[in-house]
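Single-structure report; data block below.
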Amino acid sequence: MHKLLGALSNPIYWSGLRHGITPTIEHRLALEGLNIRTVLDVGANRGQFSLLARCLYPAATIYAFEPLQNSAEQFRTLFSDQPNVHLFQVGIGEGLVDIKMFVANDHHASSSILKAHKQSQIFGSREAGEETVRVGRLADFLPLDRILSPCLLKIDVQGYELQVINGCREALPLIDYLYVECSYVELYLRQALAHEVLARLAELGFALRGIFNQHCDPEEGPVIADFLFQSLRSIAPGRAI
């Protein structure tokens, strides 16, 4: 209800609401104030995050990546009149391949290339089918010269975070901020957990800026949160992170 009321208060979001798509305004606190020219929305779903980005960074170009057919169609409908929003109906991973994706019953928000484990127990979503999708490295689909700094890379891929980060390797020198949903527990089988993602990004030259929207389960404790990182190259010498 809080998200809906927040969306209703801003006319920029009304087009989404007309299509039954609510922007992810819970990310606003973490991301507002950043001077962003390019947004890479990996795991774009139906456009919830891109709606928020359109509001926060009206002059930015958005490149979104969503492999599932139904979600991609809804995204295209939502942004059909937005020339600075571009959708690639693909997933991002470590190599160019067609792969099976497990489709969830909750508007695809919990769908994953990885099979669900504790996700169903904690959040109640269930696998409702499978879909073959195209996956590749980010550079396979988007020419890197289109990425203008400052750039924000958002990753929300249900346990596939480490594979996406590796699949963005060529683009990472152009990325100023990463905003990644990570899990503390194994929601999907064989997924990388938060400490592994943090360690990998530290190796790649990204510092943790903050942790937001942490979800706690009565039995499991802290389960999932959103992590904001900044590239060390974009932090001025001597300036506190």
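Starting from 1 in every chain, residues are counted up; chains themselves are A, B, ... following the order of the structure tokens, and ligands are numbered from 1 as listed.
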Contact check, segment 74-178 of chain A to segment 193-215 of chain A, at most 9 Å, counting only C-alpha atoms, closest pairs as CSV:
residue,atom,partner,partner_atom,distance
A:Gly159,CA,A:Leu193,CA,7.9
A:Glu161,CA,A:Val197,CA,7.4
A:Leu162,CA,A:Val197,CA,6.1
A:Ile165,CA,A:Leu201,CA,8.2
A:Arg169,CA,A:Leu204,CA,8.8
A:Leu172,CA,A:Leu204,CA,8.1
A:Asp176,CA,A:Phe206,CA,8.7
A:Tyr177,CA,A:Phe206,CA,8.3
A:Leu178,CA,A:Phe206,CA,8.3
Got time to write the residues from that selection, N, CA and C atoms, as an mmCIF file, in the first residue's frame?
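Saved file selection_13.cif follows:
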data_model
loop_
_atom_site.group_PDB
_atom_site.id
_atom_site.type_symbol
_atom_site.label_atom_id
_atom_site.label_comp_id
_atom_site.auth_asym_id
_atom_site.auth_seq_id
_atom_site.Cartn_x
_atom_site.Cartn_y
_atom_site.Cartn_z
ATOM 1 N N GLY A 159 19.531 -14.661 -7.697
ATOM 2 C CA GLY A 159 20.585 -15.631 -7.441
ATOM 3 C C GLY A 159 21.658 -15.729 -8.500
ATOM 4 N N GLU A 161 23.529 -13.294 -9.646
ATOM 5 C CA GLU A 161 24.284 -12.038 -9.599
ATOM 6 C C GLU A 161 25.741 -12.194 -10.025
ATOM 7 N N LEU A 162 26.418 -13.204 -9.529
ATOM 8 C CA LEU A 162 27.842 -13.358 -9.825
ATOM 9 C C LEU A 162 28.074 -13.628 -11.304
ATOM 10 N N ILE A 165 27.692 -10.264 -13.080
ATOM 11 C CA ILE A 165 28.881 -9.423 -12.867
ATOM 12 C C ILE A 165 30.022 -9.876 -13.774
ATOM 13 N N ARG A 169 32.000 -7.921 -17.432
ATOM 14 C CA ARG A 169 33.403 -7.621 -17.140
ATOM 15 C C ARG A 169 33.978 -6.523 -18.036
ATOM 16 N N LEU A 172 32.681 -3.041 -16.938
ATOM 17 C CA LEU A 172 32.879 -2.549 -15.572
ATOM 18 C C LEU A 172 33.782 -1.324 -15.470
ATOM 19 N N ASP A 176 30.124 3.448 -12.829
ATOM 20 C CA ASP A 176 30.426 4.248 -11.642
ATOM 21 C C ASP A 176 29.744 3.693 -10.392
ATOM 22 N N TYR A 177 28.516 3.191 -10.554
ATOM 23 C CA TYR A 177 27.758 2.657 -9.420
ATOM 24 C C TYR A 177 27.122 1.327 -9.803
ATOM 25 N N LEU A 178 27.123 0.402 -8.850
ATOM 26 C CA LEU A 178 26.375 -0.844 -8.981
ATOM 27 C C LEU A 178 25.356 -0.917 -7.860
#
To test your reading of the structure, identify every residue in segment 17-120 of chain A that backbone DSSP assigns to alpha helix (DSSP H), and report it as a ChimeraX atom specification. /A:17-18,28-31,48-56,69-78,118-120
Of A:Leu29, A:Ile99, A:Ile175, A:Leu51, the one sitting nearest Leu148 of chain A when using only C-alpha atoms is A:Ile175
Determine, counting only C-alpha atoms, which protein, DNA and RNA residues have an atom within 12 Å of an atom of Asp217 of chain A; residues of the same chain fewer than 2 positions away are not included. Present the result as an MDAnalysis selection string. chainID A and resid 118:119 121:123 184:185 214:215 219:224
Report as a list in words all protein, DNA and RNA residues lying within 7 Å of Met101 of chain A, evaluated on only C-alpha atoms, omitting residues in the same chain fewer than 5 positions from it.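 Result of the neighbour search: Ser112, Ile113, Glu130, Glu131, Thr132 and Val133 of chain A.
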